[in-house]
Structures are given as structure tokens and as C-alpha cells.
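Coordinates from protein00.txt are shown below (compact mmCIF, C-alpha atoms).
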# COMPACT_ATOMS: atom_id res chain seq x y z
CA MET B 14 -11.47 -12.23 -8.58
CA GLN B 15 -12.25 -13.67 -11.96
CA PRO B 16 -12.27 -11.69 -15.23
CA ALA B 17 -15.99 -12.26 -15.70
CA ARG B 18 -16.72 -10.56 -12.40
CA THR B 19 -14.61 -7.49 -13.07
CA GLY B 20 -15.93 -6.90 -16.57
CA LEU B 21 -12.43 -5.90 -17.66
CA ARG B 22 -11.10 -6.81 -21.09
CA LEU B 23 -8.20 -9.23 -21.03
CA ALA B 24 -5.38 -8.93 -23.56
CA ARG B 25 -2.94 -11.84 -23.72
CA ARG B 26 0.78 -11.22 -23.59
CA ARG B 27 3.65 -13.67 -23.35
CA PRO B 28 5.29 -13.28 -19.91
CA LEU B 29 8.89 -12.16 -19.86
CA PRO B 30 11.22 -14.72 -18.27
CA TYR B 31 12.84 -13.96 -14.94
CA THR B 32 16.52 -13.42 -15.62
CA GLY B 33 17.84 -13.40 -12.07
CA ALA B 34 18.16 -9.60 -12.16
CA MET B 35 16.93 -7.17 -9.55
CA CYS B 36 16.54 -4.46 -12.14
CA PRO B 37 12.74 -4.04 -12.56
CA ASP B 38 13.12 -3.83 -16.33
CA GLU B 39 14.54 -7.37 -16.34
CA THR B 40 12.52 -8.97 -13.52
CA TYR B 41 9.07 -10.39 -14.21
CA ASP B 42 6.64 -11.95 -11.74
CA ALA B 43 3.18 -12.54 -13.14
CA ILE B 44 0.47 -10.37 -11.57
CA PRO B 45 -3.14 -11.67 -11.56
CA LEU B 46 -5.23 -10.07 -14.31
CA GLU B 47 -2.34 -7.80 -15.25
CA ASP B 48 -3.68 -7.16 -18.75
CA ALA B 49 -7.31 -6.66 -17.73
CA VAL B 50 -8.06 -3.00 -18.48
CA GLN B 51 -11.27 -1.12 -19.26
CA THR B 52 -11.27 2.53 -20.35
CA LEU B 53 -14.61 4.36 -20.55
CA GLY B 54 -15.77 7.78 -21.63
CA PRO B 55 -15.82 10.56 -21.91
CA ASP B 56 -19.30 10.56 -20.37
CA GLU B 57 -21.83 13.38 -20.64
CA ARG B 58 -19.89 15.35 -18.00
CA GLY B 59 -16.60 14.94 -19.86
CA MET B 60 -15.13 12.47 -17.36
CA MET B 61 -12.85 9.62 -18.42
CA THR B 62 -12.65 6.43 -16.35
CA GLU B 63 -10.18 3.55 -16.35
CA LEU B 64 -10.50 0.31 -14.39
CA PHE B 65 -7.78 -2.28 -13.91
CA TYR B 66 -6.68 -4.89 -11.41
CA ALA B 67 -3.71 -4.45 -9.07
CA PHE B 68 -2.82 -5.12 -5.43
CA ASN B 69 -5.64 -7.68 -5.23
CA THR B 70 -8.31 -5.08 -5.91
CA VAL B 71 -9.88 -3.09 -8.74
CA ILE B 72 -8.22 0.29 -9.27
CA THR B 73 -10.36 3.16 -10.53
CA LEU B 74 -8.92 6.28 -12.16
CA GLN B 75 -11.26 9.13 -13.14
CA ALA B 76 -10.34 12.47 -14.66
CA PHE B 77 -11.85 15.43 -16.47
CA GLY B 78 -9.81 16.46 -19.49
CA ASP B 79 -8.87 15.74 -23.07
CA GLU B 80 -9.48 12.08 -23.89
CA GLY B 81 -6.02 11.49 -25.35
CA THR B 82 -4.29 13.15 -22.41
CA CYS B 83 -6.32 11.12 -19.94
CA ARG B 84 -5.48 7.86 -21.70
CA VAL B 85 -1.76 8.60 -21.60
CA ALA B 86 -1.92 9.67 -17.94
CA PHE B 87 -3.85 6.54 -17.02
CA ALA B 88 -1.32 4.37 -18.85
CA ASP B 89 1.53 5.97 -16.89
CA ALA B 90 -0.29 5.38 -13.61
CA ARG B 91 -1.02 1.78 -14.55
CA ALA B 92 2.63 1.15 -15.43
CA ALA B 93 3.65 2.59 -12.07
CA CYS B 94 1.27 0.18 -10.35
CA ARG B 95 2.92 -2.79 -12.05
CA LEU B 96 6.34 -1.61 -10.97
CA PHE B 97 5.28 -1.00 -7.36
CA GLU B 98 3.45 -4.30 -7.05
CA ARG B 99 6.55 -6.15 -8.23
CA ARG B 100 8.63 -4.31 -5.64
CA PHE B 101 6.30 -4.29 -2.63
CA SER B 102 4.32 -7.54 -2.86
CA ARG B 103 4.79 -10.01 -0.02
CA THR B 104 3.90 -12.94 -2.28
CA LEU B 105 5.66 -12.23 -5.60
CA PRO B 106 8.93 -14.15 -5.13
CA HIS B 107 11.32 -11.61 -6.63
CA SER B 108 9.93 -8.48 -4.99
CA ASP B 109 12.08 -6.43 -2.64
CA ILE B 110 9.82 -7.40 0.27
CA ALA B 111 9.79 -11.13 -0.51
CA ARG B 112 13.58 -11.18 -0.87
CA LEU B 113 13.97 -9.29 2.41
CA ASN B 114 11.71 -11.78 4.19
CA SER B 115 13.58 -14.77 2.81
CA ALA B 116 17.08 -13.40 3.42
CA GLU B 117 17.31 -14.98 6.92
CA GLY B 118 18.76 -11.84 8.43
CA ALA B 119 21.15 -10.93 5.62
CA PRO B 120 21.22 -7.43 4.05
CA VAL B 121 19.26 -7.10 0.83
CA ALA B 122 19.70 -4.47 -1.89
CA ILE B 123 16.39 -2.71 -2.55
CA ALA B 124 15.01 0.06 -4.74
CA ALA B 125 15.09 3.63 -3.43
CA ASP B 126 11.31 3.83 -3.34
CA THR B 127 11.12 0.59 -1.33
CA ALA B 128 13.52 2.16 1.16
CA GLU B 129 11.35 5.27 1.37
CA LEU B 130 8.23 3.19 1.97
CA LEU B 131 9.93 1.12 4.68
CA ARG B 132 11.18 4.23 6.45
CA ALA B 133 7.70 5.74 6.39
CA ALA B 134 6.33 2.49 7.85
CA ILE B 135 8.90 2.60 10.66
CA ASP B 136 7.74 6.13 11.53
CA PHE B 137 4.10 5.05 11.73
CA CYS B 138 5.02 2.03 13.86
CA ALA B 139 6.73 4.32 16.36
CA ASP B 140 3.70 6.63 16.43
CA SER B 141 0.90 4.05 16.58
CA GLU B 142 0.72 3.37 20.34
CA GLY B 143 1.49 -0.28 19.59
CA CYS B 144 -1.38 -0.74 17.13
CA PHE B 145 0.69 -1.00 13.95
CA ASP B 146 3.78 -3.12 13.32
CA ILE B 147 5.25 -3.66 9.87
CA THR B 148 6.83 -6.97 10.98
CA MET B 149 3.45 -8.65 11.55
CA GLY B 150 4.06 -10.66 8.39
CA ALA B 151 4.83 -13.85 10.33
CA VAL B 152 1.44 -13.58 12.06
CA VAL B 153 -0.56 -12.32 9.06
CA ARG B 154 0.34 -15.31 6.92
CA LEU B 155 -1.06 -17.69 9.57
CA TRP B 156 -4.60 -16.36 9.19
CA ASN B 157 -6.87 -17.28 6.28
CA PHE B 158 -9.84 -14.94 6.22
CA HIS B 159 -11.09 -16.27 2.90
CA GLU B 160 -11.57 -19.78 4.26
CA GLY B 161 -12.25 -18.79 7.87
CA ILE B 162 -9.24 -20.57 9.36
CA ILE B 163 -8.04 -19.65 12.86
CA PRO B 164 -4.39 -20.58 13.42
CA PRO B 165 -3.43 -22.71 16.45
CA GLN B 166 -2.47 -20.71 19.53
CA GLU B 167 1.02 -22.21 19.62
CA ASP B 168 1.64 -21.02 16.05
CA ILE B 169 0.48 -17.50 16.92
CA ASP B 170 2.69 -17.42 20.00
CA ALA B 171 5.70 -18.60 17.99
CA ALA B 172 5.11 -15.97 15.29
CA LEU B 173 4.61 -13.15 17.83
CA ALA B 174 8.12 -13.81 19.14
CA HIS B 175 9.38 -12.40 15.82
CA VAL B 176 7.18 -9.27 15.71
CA ASP B 177 9.18 -6.11 16.45
CA TRP B 178 9.51 -3.29 13.92
CA ARG B 179 12.78 -2.27 15.61
CA THR B 180 14.48 -5.27 13.99
CA LEU B 181 14.14 -3.58 10.58
CA ARG B 182 17.04 -1.44 9.37
CA VAL B 183 17.18 0.64 6.18
CA TRP B 184 20.22 2.51 4.92
CA GLU B 185 22.18 3.61 1.84
CA GLU B 186 25.73 3.10 0.69
CA PRO B 187 27.62 4.93 -2.05
CA GLY B 188 27.03 3.40 -5.46
CA ASP B 189 29.89 2.04 -7.54
CA ASP B 190 30.38 -0.28 -10.48
CA ASN B 191 30.37 -3.33 -8.24
CA THR B 192 27.16 -2.22 -6.56
CA GLU B 193 25.56 -1.80 -9.97
CA ARG B 194 26.60 -5.26 -11.11
CA ASP B 195 25.40 -6.82 -7.86
CA GLU B 196 22.09 -4.98 -8.09
CA CYS B 197 21.44 -5.96 -11.67
CA ARG B 198 22.38 -9.60 -11.11
CA GLY B 199 20.52 -9.93 -7.83
CA ASN B 200 23.79 -11.00 -6.21
CA ALA B 201 23.95 -8.59 -3.27
CA ARG B 202 27.10 -8.90 -1.23
CA LYS B 203 27.17 -8.70 2.55
CA HIS B 204 27.20 -5.09 3.67
CA ARG B 205 27.45 -3.41 7.04
CA THR B 206 24.23 -2.58 8.89
CA GLY B 207 23.05 0.85 9.86
CA THR B 208 20.11 3.20 9.91
CA GLY B 209 19.14 6.11 7.72
CA GLU B 210 17.00 9.18 8.13
CA ARG B 211 13.62 9.23 6.44
CA ARG B 212 13.60 11.17 3.22
CA GLY B 213 11.66 14.36 3.57
CA SER B 214 10.12 14.25 0.12
CA THR B 215 9.83 12.09 -2.94
CA ASP B 216 11.88 12.80 -6.04
CA THR B 217 9.12 13.35 -8.61
CA ARG B 218 11.36 13.88 -11.61
CA GLY B 219 10.02 10.62 -12.98
CA ILE B 220 7.94 7.87 -11.41
CA LEU B 221 9.55 5.29 -13.66
CA GLY B 222 12.66 7.16 -14.62
CA ASP B 223 15.12 5.39 -12.30
CA ASN B 224 14.32 1.80 -13.19
CA ALA B 225 17.02 1.01 -15.69
CA CYS B 226 20.31 -0.43 -14.43
CA THR B 227 22.77 2.08 -15.85
CA ASN B 228 26.20 3.48 -15.13
CA GLU B 229 24.50 6.76 -14.21
CA ARG B 230 22.40 4.96 -11.60
CA ALA B 231 25.48 3.33 -10.13
CA ARG B 232 26.76 6.74 -9.05
CA HIS B 233 23.74 7.19 -6.77
CA PRO B 234 23.52 5.59 -3.31
CA GLN B 235 22.28 2.01 -3.19
CA ALA B 236 19.57 1.30 -0.62
CA PHE B 237 19.66 -1.78 1.61
CA ALA B 238 17.32 -3.33 4.17
CA GLN B 239 17.89 -5.96 6.83
CA LEU B 240 15.83 -7.79 9.42
CA SER B 241 18.08 -8.56 12.37
CA ASP B 242 15.69 -11.36 13.36
CA PRO B 243 16.11 -14.09 10.70
CA LEU B 244 12.54 -15.30 11.27
CA ALA B 245 10.87 -11.89 11.13
CA ALA B 246 8.76 -10.93 8.10
CA VAL B 247 7.70 -7.55 6.76
CA ASP B 248 4.21 -6.88 5.43
CA VAL B 249 3.64 -3.41 3.96
CA GLY B 250 -0.05 -4.04 3.24
CA GLY B 251 -1.11 -1.56 5.93
CA ILE B 252 0.66 1.38 4.35
CA ALA B 253 1.76 0.67 0.76
CA LYS B 254 -1.46 1.71 -0.98
CA GLY B 255 -1.28 5.15 0.57
CA TRP B 256 2.27 5.68 -0.63
CA ILE B 257 1.35 4.35 -4.07
CA ALA B 258 -1.78 6.52 -4.34
CA ASP B 259 0.37 9.61 -3.81
CA ARG B 260 2.74 8.50 -6.56
CA LEU B 261 -0.14 7.81 -8.97
CA ALA B 262 -1.59 11.26 -8.28
CA GLU B 263 1.80 12.78 -9.11
CA ALA B 264 1.97 10.79 -12.34
CA ILE B 265 -1.48 11.95 -13.47
CA ALA B 266 -0.95 15.56 -12.40
CA ALA B 267 2.26 15.62 -14.46
CA HIS B 268 -0.02 15.58 -17.54
CA SER B 269 -1.59 18.89 -16.47
CA LEU B 270 -4.89 17.28 -15.47
CA ASP B 271 -6.48 19.42 -12.75
CA ALA B 272 -9.47 17.34 -11.66
CA PHE B 273 -9.12 13.62 -11.01
CA ILE B 274 -9.69 10.77 -8.60
CA VAL B 275 -7.35 7.89 -7.78
CA ASN B 276 -9.17 5.04 -6.00
CA LEU B 277 -7.16 2.04 -4.85
CA GLY B 278 -10.03 -0.07 -3.58
CA GLY B 279 -11.23 2.51 -1.06
CA ASN B 280 -7.99 4.44 -0.70
CA VAL B 281 -8.95 7.67 -2.46
CA VAL B 282 -6.96 10.71 -3.59
CA ALA B 283 -9.10 13.62 -4.80
CA HIS B 284 -7.19 16.23 -6.81
CA GLY B 285 -8.81 19.57 -7.53
CA GLN B 286 -12.57 19.83 -7.82
CA LYS B 287 -15.32 18.96 -10.26
CA PRO B 288 -15.87 21.27 -13.25
CA ASP B 289 -18.94 22.78 -11.54
CA GLY B 290 -16.76 23.83 -8.58
CA SER B 291 -18.12 21.24 -6.17
CA PRO B 292 -15.79 18.97 -4.16
CA TRP B 293 -15.49 15.25 -4.58
CA ARG B 294 -17.59 13.27 -2.10
CA ILE B 295 -16.46 10.02 -0.49
CA GLY B 296 -19.05 7.74 1.08
CA LEU B 297 -18.77 6.31 4.60
CA GLN B 298 -19.40 2.56 4.50
CA ASP B 299 -22.34 1.15 6.44
CA PRO B 300 -20.84 -1.85 8.32
CA ARG B 301 -24.22 -3.58 8.35
CA GLU B 302 -24.77 -3.49 4.58
CA LYS B 303 -22.10 -4.06 1.94
CA GLU B 304 -23.48 -1.53 -0.56
CA GLY B 305 -24.84 0.93 1.99
CA ILE B 306 -23.41 4.23 3.21
CA VAL B 307 -24.13 6.21 6.38
CA GLY B 308 -22.74 9.55 5.23
CA ALA B 309 -20.30 11.27 2.90
CA VAL B 310 -17.15 13.35 3.25
CA ALA B 311 -16.31 16.31 0.99
CA VAL B 312 -12.70 16.09 -0.22
CA ARG B 313 -10.67 18.54 -2.29
CA ASP B 314 -6.88 18.23 -2.83
CA ALA B 315 -6.71 15.58 -0.12
CA SER B 316 -6.94 11.86 0.50
CA ALA B 317 -9.59 9.85 2.33
CA VAL B 318 -8.80 6.32 3.44
CA THR B 319 -11.11 3.94 5.26
CA SER B 320 -10.17 0.88 7.30
CA GLY B 321 -13.01 -1.41 8.29
CA VAL B 322 -13.40 -4.66 10.16
CA TYR B 323 -15.89 -5.74 7.47
CA GLU B 324 -13.28 -5.72 4.66
CA ARG B 325 -11.94 -9.21 5.40
CA CYS B 326 -13.72 -11.12 8.12
CA PHE B 327 -15.58 -14.27 9.08
CA GLU B 328 -17.67 -15.68 11.92
CA LYS B 329 -16.95 -18.97 13.63
CA ASP B 330 -18.63 -20.54 16.66
CA GLY B 331 -20.44 -17.28 17.34
CA ALA B 332 -17.28 -15.15 17.35
CA PHE B 333 -16.38 -12.44 14.82
CA TYR B 334 -12.86 -12.30 13.37
CA HIS B 335 -11.49 -9.45 11.25
CA HIS B 336 -8.16 -8.75 9.55
CA ILE B 337 -6.88 -5.86 11.72
CA LEU B 338 -4.58 -7.86 13.96
CA ASP B 339 -3.25 -6.71 17.33
CA PRO B 340 0.57 -6.89 17.43
CA GLU B 341 0.36 -7.83 21.12
CA THR B 342 -2.01 -10.79 20.84
CA GLY B 343 -1.88 -11.86 17.18
CA TYR B 344 -5.68 -11.86 17.18
CA PRO B 345 -8.11 -9.31 15.70
CA ALA B 346 -7.93 -6.03 17.60
CA LYS B 347 -10.74 -5.46 20.10
CA THR B 348 -12.41 -2.24 19.01
CA ASP B 349 -15.80 -0.57 19.22
CA ALA B 350 -15.26 0.96 15.78
CA ALA B 351 -16.46 -0.91 12.70
CA GLY B 352 -14.78 1.59 10.38
CA ALA B 353 -12.47 4.59 10.54
CA THR B 354 -12.10 7.12 7.72
CA VAL B 355 -9.17 9.52 7.82
CA VAL B 356 -8.73 12.66 5.67
CA THR B 357 -5.20 14.02 5.19
CA ARG B 358 -3.27 15.88 2.50
CA LEU B 359 -1.08 12.85 1.77
CA SER B 360 -2.63 9.45 1.19
CA LEU B 361 0.39 7.93 2.94
CA ASP B 362 -0.70 9.59 6.18
CA ALA B 363 -4.34 8.64 5.73
CA GLU B 364 -3.41 5.01 5.14
CA GLY B 365 -0.96 4.86 8.02
CA TYR B 366 -3.35 6.45 10.52
CA SER B 367 -6.58 4.74 9.47
CA THR B 368 -5.50 1.30 10.68
CA THR B 369 -4.27 2.75 13.97
CA LEU B 370 -7.51 4.68 14.58
CA LEU B 371 -9.64 1.64 13.84
CA ALA B 372 -7.67 -0.45 16.30
CA LEU B 373 -7.77 2.27 18.98
CA GLY B 374 -11.54 2.53 18.84
CA VAL B 375 -13.77 5.60 19.01
CA GLU B 376 -12.70 7.38 22.21
CA ARG B 377 -8.96 6.67 22.06
CA GLY B 378 -9.04 7.30 18.32
CA ILE B 379 -10.59 10.76 18.76
CA THR B 380 -7.92 11.62 21.34
CA PHE B 381 -5.20 10.38 18.98
CA THR B 382 -6.62 12.44 16.11
CA ARG B 383 -6.54 15.67 18.10
CA LYS B 384 -2.83 15.15 18.81
CA HIS B 385 -1.90 14.74 15.14
CA PRO B 386 -2.27 17.86 12.99
CA ALA B 387 -1.62 15.90 9.79
CA ILE B 388 -5.12 14.45 10.25
CA LEU B 389 -7.53 17.02 8.80
CA SER B 390 -10.58 15.08 9.96
CA ALA B 391 -11.54 11.58 11.06
CA TYR B 392 -14.85 9.73 11.16
CA PHE B 393 -15.61 6.60 13.13
CA VAL B 394 -18.57 4.37 12.31
CA ASP B 395 -19.64 2.03 15.11
CA HIS B 396 -21.25 -1.36 14.68
CA ASP B 397 -24.72 0.18 14.76
CA GLY B 398 -23.92 2.56 11.90
CA ASN B 399 -23.57 5.69 14.06
CA VAL B 400 -20.96 8.23 12.88
CA HIS B 401 -18.58 9.85 15.38
CA GLU B 402 -16.55 12.79 14.05
CA ALA B 403 -13.21 13.66 15.62
Show me the file's structure as C-alpha cells.
Amino acid sequence: MQPARTGLRLARRRPLPYTGAMCPDETYDAIPLEDAVQTLGPDERGMMTELFYAFNTVITLQAFGDEGTCRVAFADARAACRLFERRFSRTLPHSDIARLNSAEGAPVAIAADTAELLRAAIDFCADSEGCFDITMGAVVRLWNFHEGIIPPQEDIDAALAHVDWRTLRVWEEPGDDNTERDECRGNARKHRTGTGERRGSTDTRGILGDNACTNERARHPQAFAQLSDPLAAVDVGGIAKGWIADRLAEAIAAHSLDAFIVNLGGNVVAHGQKPDGSPWRIGLQDPREKEGIVGAVAVRDASAVTSGVYERCFEKDGAFYHHILDPETGYPAKTDAAGATVVTRLSLDAEGYSTTLLALGVERGITFTRKHPAILSAYFVDHDGNVHEA
């Protein structure tokens, strides 16, 4: 996406050099359009809006409240996005995920929030009936949906041999001065393998408060990750935005804003309600028309996430190919659903389940929904634009 198409203002800043450190304050990978930001409002309703580019999409933040407070809250959320993109990106070379994928089976020191995200992904893999696998990275990078390139069958078969989320291990070890020095220099030593239990909740004492490499931090456990298959590759694209949306909502709510929307390119968190008492409404995409909708969902203090086969797709030789890949075949999942919208309290859950429900299709997806109480509601849109509510 080019600046002219986003309409965002671009401020130039000299990039910081990469110093070889893992500490996010010292590590810098350039993010496309990082300084493109547009802040609007307040409008006639008193709503402030900020647009910026992250995670290969346009992020929209909207809130009702004092203009100055909204601007500060938006800035905090934007800073959190930069941090998370530099940790979770598959393509930024110094991210936790990129270093894990290039470690050839060796343990890699990672940030605590990366460990939490990976553990959450492992849980969703186990619960997806085979429809979601975080180690699909080796297959995902073979496909090019922008240029409509189908990878050779032999390449898909070779990559599928390295798809198994069970090869991923995440754990912690007690921090010490040596761990701190290794972490800050990006010189992780070899550590023993093991597994850890998923953290029950996120420490919200500060979204960005644990970034500095300090002696205090060294006293806390250091997280590690390892892929036991040297050729396996992790891709958190199917879950990361949900986890991030929850963190951004926490960052904005910390400024005592009671009514706001966080929209990560279709991954929406709706906090509170509009000043007139009405809920936020999220449109259901019409798969036949890019700008069309076939319905709307009322959301209050919840998240709505949509996965659709129309998001990244192409046609070739009369066949339709979309980006939701089946971990069994390496090809687009065969589904009678064109889109699946999931409403949950946590955006992490909505993100994790939406891909699974889309791949399962309408009937199996409705059955799956009824077995998972975390899903408040789910809506399937078929290829003809019909809506099926679970």
C-alpha cells in the first residue's frame, strides 16, 4: 500500500541502527509506512479517530472523550503496535519469530509476550480439529496470492513434512546476570528444552513497561522457544492480531476512556457503548461485492473478528484459490463458507476461532461453536451471500 492510497501523512525520521541487541529499545527493523499517521476530530458527535499503518493493514482507532486524552491514548496504542510488529513479524529479520524460524532447531530467547502468544497459539492448534497449525510457515511462504502463483506440488509436499505444532516448545528459566547479558546482546546460549503452562492472564501493569534491558528485568524468568524440527517455521498471522487487539484495548482503557473501537483491518474490539447508549455495529462482508455488507452485528464490550476467503485470493484456470490453507493438504481449505464472523469477549479467542470456523464450513462450524462457550455468537456467510447464525 502506497502513502497516496492511504491518505496518511508521512513524517520522516532517521532509522535507528540495529545494534545486535534483542532488547526492543535497541533493535530496529524498518516497518513500512511506520510514520504515516492521520488523526481526525473531534467530529460533531465528539469522536476522535486515528489511522496508521501496521501489520500490513490500516489500523483504525476511534474513541469518544477529551481530545488530548484520546491523542495520548492513541499514541500509546500506536507505540505498542510498533513493538509487537517487531517481535511477532515473520519477515522482519530481528523479530522473535524470524529468529526462531532461522535458529535451525536451537533454543531462542524471546520476550515474555511472545511466549504468551505462542502458548495461546498452541492451545488453539490443539482445539482446532486439525484446521489450524502455527507451524504452517513453511507452506505459507510458498504461496503468492498477490501474483497468483501456485507452488509446485513437490514443494508443498516437502514443506508439509515440517508442519506439526507439537514441535514447538515454550518455557522459562530463572533470570540472572548472564541471561540478561545474553538477552541484550542477542547471544542466547544453548539451554535445556521443556514445556510451560499457558499464562492465565496478561500482566497489564504496563504494555511497554518491560522493554528495557535492566538488572531488575534480569531477576524475572527468561522465556525461550524452540522448534525441534530444524526446517519447521512458525507463522502467527492467524492469531497475533487478536492478541494485539486485546493489548491495545487495555492501553486505551488505561486512560479512562469508556467508549472506543480498535480495528485491526477487520479485527474489531468494541469497548463500552456509544454516548447515546446504542451498541457498536459491525458489518458482515458480502463475499460477492468488496464494499457490500449482508448484515450487521451489535457488539458491546466484546470483539468481532471475520475471516473470509475473499481477503487474499486469485483465480487461475477456472479454479479459485484463497489464503486459508489446510494443514493436511497445503492447499486452500475446501469450505462452503465464504466468511465467518466470531464474537467473543477476548479478541484473541475471536481471532483464533474465526479461521477454524471458516475452514470447517457452515454445518461443522455451527457444531463447533455450540461446543465452545467462549464463542458468544458466530455468523457464516456462504458464497451466495446468505447468513447462517450459530
Exercise for the section: Find the distance between atom CA of B:Gly118 and atom CA of B:Ile135 and write it in Å to one decimal. Expected result: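 Pair atom CA of B:Gly118 / atom CA of B:Ile135 returns 17.6 Å.
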Practice task
Identify which of the residues B:Asp89, B:Glu63, B:Asp42, B:Glu47 lies closest to B:Leu261, counting all atoms listed in the file when measuring atom-to-atom distances.
Solution key: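 Under the stated criterion, the closest residue is B:Asp89.
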List as an mmCIF file with C-alpha atoms, in the frame of the given file the protein and nucleic acid residues near stretch 68-72 of chain B, meaning an atom at most 9 Å away when all atoms listed in the file are counted, but skip any in the same chain fewer than 6 places from it.
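The resulting file, around_5.cif, is shown below:
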data_model
loop_
_atom_site.group_PDB
_atom_site.id
_atom_site.type_symbol
_atom_site.label_atom_id
_atom_site.label_comp_id
_atom_site.auth_asym_id
_atom_site.auth_seq_id
_atom_site.Cartn_x
_atom_site.Cartn_y
_atom_site.Cartn_z
ATOM 1 C CA MET B 14 -11.470 -12.230 -8.580
ATOM 2 C CA THR B 19 -14.610 -7.490 -13.070
ATOM 3 C CA ILE B 44 0.470 -10.370 -11.570
ATOM 4 C CA PRO B 45 -3.140 -11.670 -11.560
ATOM 5 C CA CYS B 94 1.270 0.180 -10.350
ATOM 6 C CA GLU B 98 3.450 -4.300 -7.050
ATOM 7 C CA SER B 102 4.320 -7.540 -2.860
ATOM 8 C CA LYS B 254 -1.460 1.710 -0.980
ATOM 9 C CA VAL B 275 -7.350 7.890 -7.780
ATOM 10 C CA ASN B 276 -9.170 5.040 -6.000
ATOM 11 C CA LEU B 277 -7.160 2.040 -4.850
ATOM 12 C CA GLY B 278 -10.030 -0.070 -3.580
#
Exercise for the section: Just the residues within 8 Å of stretch 160-165 of chain B, please, counting only C-alpha atoms, with nothing from its chain fewer than 5 positions along; format it as a list of chain:residue names. Expected result: B:Leu155, B:Cys326, B:Phe327, B:Glu328, B:Lys329
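Going from atom CA of B:Gly279 over to atom CA of B:Glu302, you cover 15.8 Å.
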Problem - Polymer residues at most 12 Å from B:Thr104, all atoms listed in the file, same-chain spacing of 4 or more positions, as a PyMOL selection string - result: chain B and resi 42-45+68-69+98-100+108-115+150+154+246-250
Handout entry: Of the listed residues B:Ala350, B:Ala90, B:Leu370, B:Ala116, that which approaches B:Asp259 most closely, counting only C-alpha atoms
Key = B:Ala90
Problem - Atomic separation - atom CA of B:Asp170 relative to atom CA of B:Arg377, Å - result: 26.8 Å
